[in-house]
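S.K.: The structure follows.
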Amino acid sequence: MISYLVTVIILVAIAALVGLALNLQWGLAGLVNFGVAGFVALGAYTLAISAPHVGWLAGLALAAAVCAGLSMLLSLLTIRLEENYLAIVTIGFAEIVRILLLNLGDLTGGALGIADIPRPFAGITPAGWGDAVILAFALGLVVIVFAFSEALVRSPFGRALRAVRDDATAAAALGKPVLALRVRAFAIGGAIMGLAGALHAFFLTYIDPSQFTPIITAYAFMAVIAGGRGSNLGLVLGAGSIMLILEATRFLKDVIPGVDGVQLSALRLGMIGVGIVLLLILRPEGLVSEPKRRFADFFPPESEKA
Amino acid sequence: MNSRPCDPKAEELSLALAVSGLRAGYGRGGDIVCGIDLAQKAESIVAVIGPNGSGKSSFIKTIAGLVPTRAGTVAVSGRDITTLSPARRVASGLAYVPQEANIFATLTIAENLKLATEFLRGRAGVGPEQREKVLDLFPELRLRPRTLAGNLSGGQRQMLAFACALLANPEVLLLDEPSAGLSPKIVGETMEAVVRVREAGVTVLLVEQNVAAALGIADEVVVLVAGRLTLRASAADIRQADLAGLFFGKAA
Amino acid sequence: MALQLFLNGLVTGLLLALPALALTLVFGILRFANFAVGAFLTLGAYAAYTANVLLGLPLPIAAAVAAATVALASLIADALVFERLRTRGSITLLVASMGVSLVVENICRFIFGNAARSFDLAVARPIRWNGLRINHEQLITAGVVVIALVLLHLLITASPLGRAMRAVADNASLAAVRGVERRTIARITFAITGALIGLAGVLAGLDRAIDPLMGWNYQIPIFAAAILGGLGSPIGAVAGALLIGVAEEMSALILPVSFRQIVSFGVILLLLLFRANGLFGAKAIRK
Amino acid sequence: AEIPVGMVLPFSGATGPYGPDMKKAAEMVVRWVNDAGGILGGRPLKLFIEDSETNPTVGVTGTKKLLEVNKVELVGGFWGSPIALAAKPIILAADKVQMVSCSANAVTEGDTKGMVFRFQAKSTSWGPAGAKVMKTIGAKTAVVLAQQNPFVVAMIEPFKAEFAKLGGKVLDVVMYNPDQPSYRSEVEKAFGGDPDAVFCLSLLTDFVSIAKEVYRGGFKSKIVALSIGADAEGKFLQAVGPEVANGIYHLQPAPPLDAPSYKRFVKEMGAAPGTVFLFAGNAHDQMCVTALAMEHAKSSDAKVWAKSVFEVCNPPGEEVDDVVKGLELIRAGKKIKFVGAGATCDLDARGDQINRSFLVQEIKGGKNVSLGIIT
Amino acid sequence: MNPSPFLQVKGLTRRYGGVAALDGVTLDLARGQVTGLIGPNGAGKTTLLNALTGLARPESGTVLLEGENVTGLPAHVMAGKGVVRSFQIVRELASLTVFETLLAAPPAQSGETVAGALFGRRKWWAQERANADLARALLERVGLVKLADQPSAMLSGGQKKLLEMARALLMKPRLILLDEPGAGVSPPLRLEIVRLVRELKAEGLSFGIVEHDMHLVEEVCDHVHVLAQGRALVSGTFAEATADPRVVSAYLGVAA
Ligand SMILES: Nc1ncnc2c1ncn2[C@@H]1O[C@H](COP(=O)(O)OP(=O)(O)OP(=O)(O)O)[C@@H](O)[C@H]1O
Ligand SMILES: Nc1ncnc2c1ncn2[C@@H]1O[C@H](COP(=O)(O)OP(=O)(O)OP(=O)(O)O)[C@@H](O)[C@H]1O
Ligand SMILES: CC(C)C[C@H](N)C(=O)O
Ligand SMILES: [Mg+2]
Ligand SMILES: [Mg+2]
């Protein structure tokens, strides 16, 4: 049971990383990225291809860097687009990644994927503790990225991003370099997605194109919306809730009598859909709302009297 | 505050707009409109003035049905319309020109004008004649019928919005800052138009920050401060008053 | 070969056109990209399958059943989900529609299982003309799409209902004071688009196998078509669909076919670089 | 106490059509064993099943749940190679047995601790079989039309090599991505050059589309397909009807068609006599072998009974095809050699099945007609 | 007599479809003065401000800022040069609170870069404190203190207008272009605007103000340009300009 929970928590951690990245890109900067799965895949493959040659740490850095670079490129190309257009272009990006991974077999192993990806600290891990190490590693990564994102969200940088999100023209008139801000947000988010992908590769030690379906993107958006757009804390809770729905339905289906395998599966997937919709309807503001700088932060007593 | 005539029945019949005990607010927030009573005789012009954020627009939106009523009633020409949807209120003779976003920016001028009447089934007096009359008031609108309304200048938008409301041949017209953004000449013309509209039998309730212009045409003025009516007086009396005093609470 | 590929592309494009039309219509009026089009397309195909194969009705009647079923299902989804979330921003609605899509797809799976199915209609050999091959299904598809497009275009640009739809899209509360109820318009929109998607499901079922994932396979091309044409523009959706179809098929001349999806996104990216609102999309107005 | 065993099977996603029959077969075996009093002195088997959704990540969480929550000794099933590959390290780390019905060579490669068993023919043996079919039907030129997926990719080179040896010529290899709305350009490209035959390496859903398209296109080339697409236990014919299916050749690893045990299996599965089951037979065999090996090892501990798998599958020993009978013989101290509903179940040291022969059929007038067995 | 021009506009043209919103406008905005831009609806006043602040790209003509050619520079660059504006149709930052809107306005915040945000917290926090004081002072003047933590989207029309002006003032501008600051603002606050403009002018700021309220224009403007149909028609003092018969007939009307 413990080890199953470890698996689930690692998956939550991966989802949380992806969610934190999306929260920066979309929650904060208003840049819709429906290509999340593509960036995660890129991160995973970059790591898997490079790590055997350069070691896991450099591989991790490389994964983040490649994703950041491609994010930057993509955002420069598409920055003028309105959100729904950006959505499809990013979906397209993810599709292109998927097709290239599938068809550039010499580099990526094609449909067969890449197996035996080295894990961090593999040499010094006692037998049976592999997942525990990955768990610690994952949680560490989440804590760092979380702290990093929080610092950004609560800083003037975060506020400037929100201004751009609300009204880019007004933000530009306020002197904010809209393009630069957007590109940065997109690139940082991309880097974090790359890290998430690398973590995924570490965890599974085997990757193939079918692991990086658009459903990853969908879950990331669900986590951000359910958690409260703009709030990192909410997001982690949101990622947890989505995973809870996904895994809890596994147990629910074990106790439903009288239906065959396909119907059980359909029930379970259907329940996931219902769970998501309910989460959206019942938690209108998300679990936690966006942090805001208050007047009272600066002028505590007077303002209350005023 | 307002003098009560002796025969309530006769009064009710001659009242074009009767608001009583009206309360309203947004979402789960507190009341923004805090119990307003206002009775307005047919074919009169009443101007609502008050500080920014005092609830003027909210008041008028509540009458139009866009902000949910929490308590109180609204009647037009003796018919209670409190429970009607905004659309049904228009059909009952209540037209409204919002302060912001008062035209369909993605529709052309011609489409805006068409749409103003096409869903008012059974409203009397709506038709080509009314249309000609209204467009005569705003000849500019005839010039570029296929231009998207969103590309109009601020003042041009106001005119379009005003025209659309008039096309519905309303009994009561609610105007939220119709003069904002208009050139002095057009302000003058708009105000004249309001007077003419009144002469054609329409009752006008008007929110204005351009107090001078409003006073020029209004019969009566009410001052709204923090969601309550603090004063009702004839326009002539207000003209001499100290506005700052009125706005910041020194109610008469 | 090239001409045949071109023709094949048109056929592929025409199949995308109806759901793309539906997507673009919902977007144009209710301002969200409805991710459930794919699943509703599947539902349409199964509804027609039920009528046609299980109940033995002729295919045209089955198509009507499909249109009605999906229209009804759309209305239900609207009442249960979309209406409740309507104030919550287009991406929230998009995500909710993913949830709806999961539910609808799995209702189909629950009832019909995973096996591939087809209508009770003999597949016919092609009509040959100057070395080109065309089939009956393709002609039917073309006819249905053209009629739907013309009707829809007239509806939206020239009818009072269309004006009302656009007015609601633009400013729902102003529309209300012009006598147009947002709620009614939303329902009408869902009913119309539902019917379109239902029909599309029938056409897709004629073309390929009916299975619970069929709609999902169309999803991305549908979105691509609607975006390419400019969200909110019916003509754009059809043009986008045809362009995607033709570009993908013709690319077989120069690229391995397994790379062809890259072509359609290449086209989109290129186009959007120069026209940020697609082929026919209106420029967002705000001053 | 009950002995928990598990399977990861596809019930949704692109391979969803194949899961239900596997489940049915596995449950059937469990029922037989339990009705006969269980194993290891009266302990019943308890079967847990998780959906892979045709997605390796989901397959991994499902596997974890089976291992950790249900404490299974066997994780079997595994229709698809990517899912088996993703789950393999986890199952091995837990020291449990993995049995798969997938064909990618990599599954049994590397250090498997001797605990991974393949109840399926390897991809590399499917290819040459295809080439032999080409020869049989007299095709001199062929085009390969193949879905981009791990087991198919591995079939292509061996096919080419064998076909060349037999004097044929492969004109082109057209790869396509799964999950497309249509396969029109693929068909155009593969059939447009009028090869004698096209080797269609597809799954059920895409093959339905492809077959319809070929028929509608009026192409002349013959079709040689995998039975997982062109038969799928009858689902293909059901989907396209006899007209379109007519004249399609297809091949798959052959079950022991004429053995009474196989006929009984088909009957118990509720299928028409003559139905060729591929994956359901494999699932049946996995379950049987597990029960037999446990009984043989006198232990439900995977580390122990994994070694007994070879003992009950490989000769020498008395041939049995009925699991209940096999259990009795083992209890009686006899040496057995199990023959399954999917295959003879002879294993090499890697855990791969050997000596698998292929059944070739042609669809004629809405029926599968056997053309013979290729070895 | 005129102080040196701060901003010179020469032959600026911008067309929308068939309409020439700007049709060769030539005019100056003087340093340290308040210049009024008046004219009929649709004259091109807003378009002119758009062209000066990088929101509309002129097709021809030049804009010189203290002699430097700044034609067609992007909005944030113009803002960086101290040319800031308010919008006629307000563009609030809907989810930012009133207070945050003002905190976001000051230029050159060290916390607005990634590195600055992460590693220079002490520095930006000090800036933030100083900005907060400025913001508070302005909020008090325009009567929005109580609404400091209200999301901007929930303000009344006039309040949004005031907020927008306040945010422009906080941008440490050198030239501030206001598009109808008085429209929708209550008379007492309009007087407050007059006072503010005068004070800031005394501190050396230059203003360009588009306004239809002639009292306000008369009160604050040193110089007035009248635009009509995309051209500068008349310029001079308020009295001179409003005495011109063309201006009276096209703009003021007989009533005024
Ligand atoms: N984006 C646009 N597309 C099309 N036409 C436009 C656009 N922007 C402005 N126009 C047109 O250009 C002309 C000038 O508009 P502008 O907004 O500059 O006027 P203005 O002087 O500010 O008027 P007002 O006092 O009414 O605000 C108007 O006729 C307007 O319709
Ligand atoms: N959508 C809204 N949600 C919440 N609060 C709102 C909303 N709109 C307005 N308010 C609040 O209600 C109060 C009254 O606003 P209203 O728009 O009615 O004022 P007003 O008198 O019309 O002001 P102005 O003269 O500036 O137009 C304001 O304090 C405002 O903050
Ligand atoms: C043809 C099948 C035996 C292929 C197998 N299911 C795999 O994915 O490896
Ligand atoms: Mg107001
Ligand atoms: Mg203007």
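Every chain in the structure tokens takes a letter, A first, then B, and so on in the order presented; its residues are numbered from 1, and the ligands are numbered from 1 following the presented order.
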Could you tell me which residues of chain C sit within 8 Å of chain B when counting only C-alpha atoms, and give me the result as an mmCIF file with N, CA and C atoms, in the first residue's frame?

M.R.:
```cif
data_model
loop_
_atom_site.group_PDB
_atom_site.id
_atom_site.type_symbol
_atom_site.label_atom_id
_atom_site.label_comp_id
_atom_site.auth_asym_id
_atom_site.auth_seq_id
_atom_site.Cartn_x
_atom_site.Cartn_y
_atom_site.Cartn_z
ATOM 1 N N PRO C 160 -32.630 37.720 -38.518
ATOM 2 C CA PRO C 160 -32.710 38.337 -37.189
ATOM 3 C C PRO C 160 -32.117 37.429 -36.115
ATOM 4 N N ARG C 163 -28.450 37.808 -36.130
ATOM 5 C CA ARG C 163 -28.058 39.079 -35.507
ATOM 6 C C ARG C 163 -28.129 38.955 -33.996
ATOM 7 N N ALA C 164 -29.218 38.343 -33.543
ATOM 8 C CA ALA C 164 -29.387 38.191 -32.100
ATOM 9 C C ALA C 164 -28.253 37.346 -31.532
ATOM 10 N N ARG C 166 -25.236 37.081 -32.694
ATOM 11 C CA ARG C 166 -23.998 37.866 -32.631
ATOM 12 C C ARG C 166 -24.073 38.926 -31.542
ATOM 13 N N ALA C 167 -25.275 39.451 -31.342
ATOM 14 C CA ALA C 167 -25.422 40.460 -30.293
ATOM 15 C C ALA C 167 -25.141 39.848 -28.933
ATOM 16 N N ASP C 170 -21.563 39.442 -28.410
ATOM 17 C CA ASP C 170 -20.871 40.702 -28.200
ATOM 18 C C ASP C 170 -21.090 41.220 -26.785
ATOM 19 N N ASN C 171 -22.323 41.263 -26.346
ATOM 20 C CA ASN C 171 -22.621 41.896 -25.067
ATOM 21 C C ASN C 171 -23.985 41.395 -24.599
ATOM 22 N N SER C 173 -25.639 41.447 -21.780
ATOM 23 C CA SER C 173 -26.599 42.229 -20.992
ATOM 24 C C SER C 173 -27.222 43.334 -21.842
ATOM 25 N N LEU C 174 -26.457 43.857 -22.772
ATOM 26 C CA LEU C 174 -27.054 44.828 -23.689
ATOM 27 C C LEU C 174 -28.086 44.125 -24.570
ATOM 28 N N ALA C 176 -29.893 41.761 -23.702
ATOM 29 C CA ALA C 176 -31.095 41.588 -22.888
ATOM 30 C C ALA C 176 -31.967 42.832 -22.940
ATOM 31 N N VAL C 177 -31.382 44.004 -22.866
ATOM 32 C CA VAL C 177 -32.234 45.194 -22.923
ATOM 33 C C VAL C 177 -32.676 45.518 -24.336
ATOM 34 N N ARG C 178 -32.218 44.756 -25.284
ATOM 35 C CA ARG C 178 -32.769 44.888 -26.633
ATOM 36 C C ARG C 178 -33.816 43.803 -26.877
ATOM 37 N N GLY C 179 -34.157 43.080 -25.829
ATOM 38 C CA GLY C 179 -35.214 42.090 -25.967
ATOM 39 C C GLY C 179 -34.715 40.711 -26.361
ATOM 40 N N VAL C 180 -33.409 40.489 -26.325
ATOM 41 C CA VAL C 180 -32.882 39.191 -26.714
ATOM 42 C C VAL C 180 -32.399 38.457 -25.467
ATOM 43 N N GLU C 181 -32.988 37.295 -25.192
ATOM 44 C CA GLU C 181 -32.598 36.556 -23.993
ATOM 45 C C GLU C 181 -31.393 35.677 -24.304
ATOM 46 N N ILE C 285 -12.353 43.658 -31.435
ATOM 47 C CA ILE C 285 -12.468 45.110 -31.341
ATOM 48 C C ILE C 285 -12.511 45.535 -29.894
ATOM 49 N N ARG C 286 -11.654 46.412 -29.570
ATOM 50 C CA ARG C 286 -11.793 47.019 -28.249
ATOM 51 C C ARG C 286 -11.018 48.314 -28.283
ATOM 52 N N LYS C 287 -11.664 49.374 -27.842
ATOM 53 C CA LYS C 287 -10.992 50.661 -27.916
ATOM 54 C C LYS C 287 -10.680 51.179 -26.543
#
```

S.K.: Chain D residues within 8 Å of chain C, counting only C-alpha atoms: which ones, as number ranges by chain?

M.R.: D: 11-14, 16-17, 174-177, 179-182, 184-186, 188-189, 204-206, 208-210, 212-213, 215-218, 235-236, 238-241, 243-244

S.K.: Take the residues from that selection and write them out as a short mmCIF file (atom, residue, chain, number, x, y, z; two decimals), in the first residue's frame, keeping C-alpha atoms.

M.R.:
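Just written: selection24.cif:
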```
data_model
loop_
_atom_site.label_atom_id
_atom_site.label_comp_id
_atom_site.auth_asym_id
_atom_site.auth_seq_id
_atom_site.Cartn_x
_atom_site.Cartn_y
_atom_site.Cartn_z
CA PHE D 11 -10.66 -1.73 -22.04
CA SER D 12 -10.41 1.69 -23.55
CA GLY D 13 -8.18 3.55 -25.93
CA ALA D 14 -7.03 2.27 -29.28
CA GLY D 16 -9.80 -1.37 -26.13
CA PRO D 17 -11.50 -3.94 -28.38
CA VAL D 174 4.23 3.35 -45.95
CA MET D 175 4.16 4.08 -42.23
CA TYR D 176 1.22 5.86 -40.70
CA ASN D 177 0.39 7.24 -37.28
CA ASP D 179 -5.58 7.56 -34.25
CA GLN D 180 -6.24 9.37 -37.49
CA PRO D 181 -9.70 10.25 -38.69
CA SER D 182 -9.05 8.65 -42.05
CA ARG D 184 -7.10 7.93 -47.38
CA SER D 185 -3.68 9.17 -48.38
CA GLU D 186 -2.04 6.12 -46.87
CA GLU D 188 -3.61 5.96 -52.03
CA LYS D 189 0.10 5.79 -51.51
CA LEU D 204 -8.88 -3.43 -35.90
CA THR D 205 -10.21 0.13 -36.05
CA ASP D 206 -7.74 1.48 -38.55
CA VAL D 208 -11.77 -1.22 -40.93
CA SER D 209 -11.23 2.25 -42.34
CA ILE D 210 -8.47 1.05 -44.62
CA LYS D 212 -13.44 0.31 -46.74
CA GLU D 213 -11.21 2.83 -48.43
CA TYR D 215 -12.84 -1.23 -51.62
CA ARG D 216 -14.23 2.18 -52.43
CA GLY D 217 -11.06 3.05 -54.28
CA GLY D 218 -11.45 0.01 -56.49
CA LYS D 235 -15.22 -8.24 -35.10
CA PHE D 236 -13.78 -7.19 -38.46
CA GLN D 238 -19.06 -7.75 -38.36
CA ALA D 239 -17.87 -4.20 -38.95
CA VAL D 240 -17.37 -4.13 -42.73
CA GLY D 241 -19.61 -6.85 -44.04
CA GLU D 243 -18.45 -7.53 -49.60
CA VAL D 244 -15.56 -5.40 -48.41
#
```

S.K.: If you count only C-alpha atoms and all ligand atoms, which residues end up within 10 Å of ligand 3, as a ChimeraX atom specification?

M.R.: /A:112 /D:15,18,54,77-85,100-107,119-123,126,149-152,154-155,201-203,226-229,252-253,278-279

S.K.: Could you pull the residues within 7 Å of region 29-46 of chain D, counting only C-alpha atoms, minus those fewer than 3 positions along the same chain, as a ChimeraX atom specification?

M.R.: /D:1-5,25-26,284,287-288,295,298,324

S.K.: If you take only C-alpha atoms and all ligand atoms and a cut-off of 8 Å, which residues of chain E touch ligand 5, and what are their nearest atom pairs and distances in Å to one decimal, in chain and number order, as a Markdown table?

M.R.:
```
| residue | atom | partner | partner_atom_place_in_ligand_line | distance |
| --- | --- | --- | --- | --- |
| E:Asn41 | CA | ligand 5 | 1 (Mg) | 6.9 |
| E:Gly42 | CA | ligand 5 | 1 (Mg) | 6.8 |
| E:Gly44 | CA | ligand 5 | 1 (Mg) | 7.0 |
| E:Lys45 | CA | ligand 5 | 1 (Mg) | 5.6 |
| E:Thr46 | CA | ligand 5 | 1 (Mg) | 4.1 |
| E:Thr47 | CA | ligand 5 | 1 (Mg) | 7.2 |
| E:Gln88 | CA | ligand 5 | 1 (Mg) | 6.0 |
| E:Asp179 | CA | ligand 5 | 1 (Mg) | 6.8 |
| E:Glu180 | CA | ligand 5 | 1 (Mg) | 7.5 |
| E:Val210 | CA | ligand 5 | 1 (Mg) | 7.7 |
```

S.K.: If the limit is 6 Å from any atom of ligand 4, counting only C-alpha atoms and all ligand atoms, which residues qualify? Return them as a PyMOL selection string.

M.R.: (chain B and resi 56-57) or (chain E and resi 156-157)

S.K.: Taking only C-alpha atoms into account, report as a PyMOL selection string which residues of chain E lie within 7 Å of chain A.

M.R.: chain E and resi 75-77+79-80+84+91+93-95+99-100+104-105+107+111-114+117-118+148-149

S.K.: Mind dumping the selected residues with all heavy atoms as a short mmCIF file (atom, residue, chain, number, x, y, z; two decimals), in the first residue's frame?

M.R.:
```cif
data_model
loop_
_atom_site.label_atom_id
_atom_site.label_comp_id
_atom_site.auth_asym_id
_atom_site.auth_seq_id
_atom_site.Cartn_x
_atom_site.Cartn_y
_atom_site.Cartn_z
N ALA E 75 4.42 51.07 -27.58
CA ALA E 75 3.81 51.75 -26.45
C ALA E 75 4.71 51.79 -25.22
O ALA E 75 4.85 52.83 -24.58
CB ALA E 75 2.49 51.08 -26.11
N HIS E 76 5.30 50.63 -24.90
CA HIS E 76 6.04 50.66 -23.64
C HIS E 76 7.31 51.49 -23.74
O HIS E 76 7.79 52.02 -22.75
CB HIS E 76 6.34 49.23 -23.17
CG HIS E 76 7.35 48.51 -23.99
ND1 HIS E 76 7.03 47.85 -25.14
CD2 HIS E 76 8.67 48.33 -23.82
CE1 HIS E 76 8.11 47.30 -25.65
NE2 HIS E 76 9.13 47.58 -24.87
N VAL E 77 7.82 51.64 -24.96
CA VAL E 77 9.01 52.48 -25.13
C VAL E 77 8.63 53.94 -24.93
O VAL E 77 9.33 54.70 -24.25
CB VAL E 77 9.63 52.25 -26.51
CG1 VAL E 77 10.79 53.20 -26.74
CG2 VAL E 77 10.08 50.81 -26.65
N ALA E 79 6.19 55.01 -23.17
CA ALA E 79 5.96 55.20 -21.74
C ALA E 79 7.29 55.36 -21.03
O ALA E 79 7.44 56.18 -20.12
CB ALA E 79 5.18 54.02 -21.17
N GLY E 80 8.27 54.59 -21.46
CA GLY E 80 9.60 54.69 -20.85
C GLY E 80 10.23 56.05 -21.05
O GLY E 80 11.05 56.49 -20.26
N VAL E 84 2.98 59.41 -21.19
CA VAL E 84 1.97 58.48 -20.70
C VAL E 84 0.58 59.04 -20.99
O VAL E 84 0.42 60.19 -21.34
CB VAL E 84 2.13 58.23 -19.18
CG1 VAL E 84 3.55 57.91 -18.84
CG2 VAL E 84 1.62 59.39 -18.38
N ARG E 91 -9.63 51.37 -19.74
CA ARG E 91 -9.05 50.03 -19.85
C ARG E 91 -8.48 49.67 -18.50
O ARG E 91 -7.30 49.80 -18.24
CB ARG E 91 -7.92 50.03 -20.88
CG ARG E 91 -8.35 50.56 -22.23
CD ARG E 91 -7.31 50.22 -23.26
NE ARG E 91 -7.37 48.83 -23.57
CZ ARG E 91 -7.44 48.35 -24.81
NH1 ARG E 91 -7.47 49.15 -25.84
NH2 ARG E 91 -7.48 47.06 -25.02
N LEU E 93 -7.33 47.25 -15.41
CA LEU E 93 -6.71 45.93 -15.27
C LEU E 93 -7.61 45.16 -14.34
O LEU E 93 -7.51 45.25 -13.11
CB LEU E 93 -5.30 46.10 -14.71
CG LEU E 93 -4.41 46.98 -15.60
CD1 LEU E 93 -3.12 47.34 -14.91
CD2 LEU E 93 -4.15 46.30 -16.93
N ALA E 94 -8.54 44.43 -14.94
CA ALA E 94 -9.73 43.98 -14.23
C ALA E 94 -9.46 43.24 -12.93
O ALA E 94 -10.15 43.45 -11.94
CB ALA E 94 -10.58 43.11 -15.15
N SER E 95 -8.45 42.38 -12.90
CA SER E 95 -8.30 41.56 -11.71
C SER E 95 -7.35 42.19 -10.69
O SER E 95 -7.27 41.73 -9.55
CB SER E 95 -7.83 40.15 -12.08
OG SER E 95 -6.45 40.20 -12.39
N PHE E 99 -5.49 49.34 -5.56
CA PHE E 99 -4.18 49.61 -4.98
C PHE E 99 -3.07 48.98 -5.82
O PHE E 99 -2.05 49.60 -6.12
CB PHE E 99 -4.17 49.07 -3.55
CG PHE E 99 -2.96 49.45 -2.75
CD1 PHE E 99 -2.53 50.77 -2.68
CD2 PHE E 99 -2.26 48.48 -2.05
CE1 PHE E 99 -1.42 51.12 -1.92
CE2 PHE E 99 -1.14 48.81 -1.31
CZ PHE E 99 -0.72 50.13 -1.24
N GLU E 100 -3.29 47.73 -6.22
CA GLU E 100 -2.27 47.06 -7.04
C GLU E 100 -2.08 47.77 -8.37
O GLU E 100 -0.96 47.85 -8.88
CB GLU E 100 -2.69 45.60 -7.31
CG GLU E 100 -2.51 44.69 -6.11
CD GLU E 100 -2.92 43.26 -6.43
OE1 GLU E 100 -3.97 43.07 -7.08
OE2 GLU E 100 -2.20 42.35 -6.04
N ALA E 104 1.49 49.06 -9.59
CA ALA E 104 2.09 48.56 -10.83
C ALA E 104 2.57 49.69 -11.72
O ALA E 104 3.37 49.47 -12.63
CB ALA E 104 1.10 47.68 -11.58
N ALA E 105 2.05 50.89 -11.47
CA ALA E 105 2.28 51.97 -12.43
C ALA E 105 3.71 52.53 -12.46
O ALA E 105 4.23 52.78 -13.54
CB ALA E 105 1.29 53.10 -12.18
N PRO E 107 7.45 53.41 -13.04
CA PRO E 107 8.38 52.78 -13.98
C PRO E 107 9.61 52.24 -13.25
O PRO E 107 9.79 52.48 -12.06
CB PRO E 107 8.77 53.93 -14.89
CG PRO E 107 8.62 55.15 -14.05
CD PRO E 107 7.51 54.87 -13.08
N GLY E 111 11.87 45.00 -9.19
CA GLY E 111 11.27 43.68 -9.01
C GLY E 111 10.51 43.18 -10.23
O GLY E 111 9.89 42.14 -10.18
N GLU E 112 10.55 43.92 -11.32
CA GLU E 112 9.80 43.48 -12.49
C GLU E 112 10.62 42.63 -13.44
O GLU E 112 10.15 42.24 -14.50
CB GLU E 112 9.21 44.68 -13.23
CG GLU E 112 7.97 45.20 -12.52
CD GLU E 112 7.22 46.26 -13.29
OE1 GLU E 112 7.70 46.67 -14.37
OE2 GLU E 112 6.16 46.68 -12.82
N THR E 113 11.85 42.35 -13.10
CA THR E 113 12.60 41.37 -13.86
C THR E 113 12.66 40.09 -13.04
O THR E 113 12.48 40.13 -11.82
CB THR E 113 14.04 41.84 -14.13
OG1 THR E 113 14.69 41.99 -12.85
CG2 THR E 113 14.06 43.17 -14.85
N VAL E 114 12.93 38.99 -13.70
CA VAL E 114 12.94 37.72 -12.98
C VAL E 114 14.03 37.73 -11.90
O VAL E 114 13.79 37.43 -10.73
CB VAL E 114 13.18 36.54 -13.94
CG1 VAL E 114 13.25 35.25 -13.18
CG2 VAL E 114 12.07 36.50 -14.97
N ALA E 117 13.21 40.11 -9.10
CA ALA E 117 12.14 39.61 -8.24
C ALA E 117 12.65 38.57 -7.27
O ALA E 117 12.27 38.53 -6.10
CB ALA E 117 11.02 39.03 -9.10
N LEU E 118 13.55 37.72 -7.76
CA LEU E 118 13.99 36.60 -6.93
C LEU E 118 15.09 37.00 -5.96
O LEU E 118 15.09 36.59 -4.80
CB LEU E 118 14.49 35.46 -7.82
CG LEU E 118 13.43 34.79 -8.67
CD1 LEU E 118 14.07 33.73 -9.55
CD2 LEU E 118 12.35 34.16 -7.79
N ALA E 148 -9.56 50.63 -1.99
CA ALA E 148 -8.20 50.24 -2.37
C ALA E 148 -8.08 48.76 -2.71
O ALA E 148 -7.38 48.39 -3.65
CB ALA E 148 -7.23 50.60 -1.25
N ASP E 149 -8.76 47.92 -1.95
CA ASP E 149 -8.60 46.47 -2.19
C ASP E 149 -9.69 45.89 -3.08
O ASP E 149 -9.82 44.67 -3.21
CB ASP E 149 -8.54 45.73 -0.85
CG ASP E 149 -7.24 46.01 -0.13
OD1 ASP E 149 -6.24 46.31 -0.82
OD2 ASP E 149 -7.22 45.95 1.11
#
```

S.K.: Pick from A:Asp260, A:Asp116, A:Asp131, A:Glu247: nearest to chain C, with only C-alpha atoms counted?

M.R.: A:Asp260

S.K.: Please list as a list of chain:residue names every residue within 9 Å of Thr69 (chain B), counting only C-alpha atoms and excluding residues in the same chain fewer than 3 positions away.

M.R.: B:Leu22, B:Arg23, B:Ala24, B:Gly25, B:Thr62, B:Ile63, B:Gly65, B:Leu66, B:Gly72, B:Thr73, B:Thr82, B:Thr83

S.K.: Which residues of chain A are close to chain D, meaning at most 6 Å apart when you count only C-alpha atoms, and how do they look as a short mmCIF file (atom, residue, chain, number, x, y, z; two decimals) with C-alpha atoms, in the first residue's frame?

M.R.:
```
data_model
loop_
_atom_site.label_atom_id
_atom_site.label_comp_id
_atom_site.auth_asym_id
_atom_site.auth_seq_id
_atom_site.Cartn_x
_atom_site.Cartn_y
_atom_site.Cartn_z
CA MET A 1 0.00 0.00 0.00
CA TYR A 4 1.37 2.45 -4.18
CA ALA A 111 7.28 3.75 -31.19
CA LEU A 112 9.45 1.45 -29.10
CA TYR A 206 10.95 3.74 -19.81
CA GLN A 211 2.73 8.24 -22.61
CA VAL A 262 -15.41 -2.49 -20.71
#
```
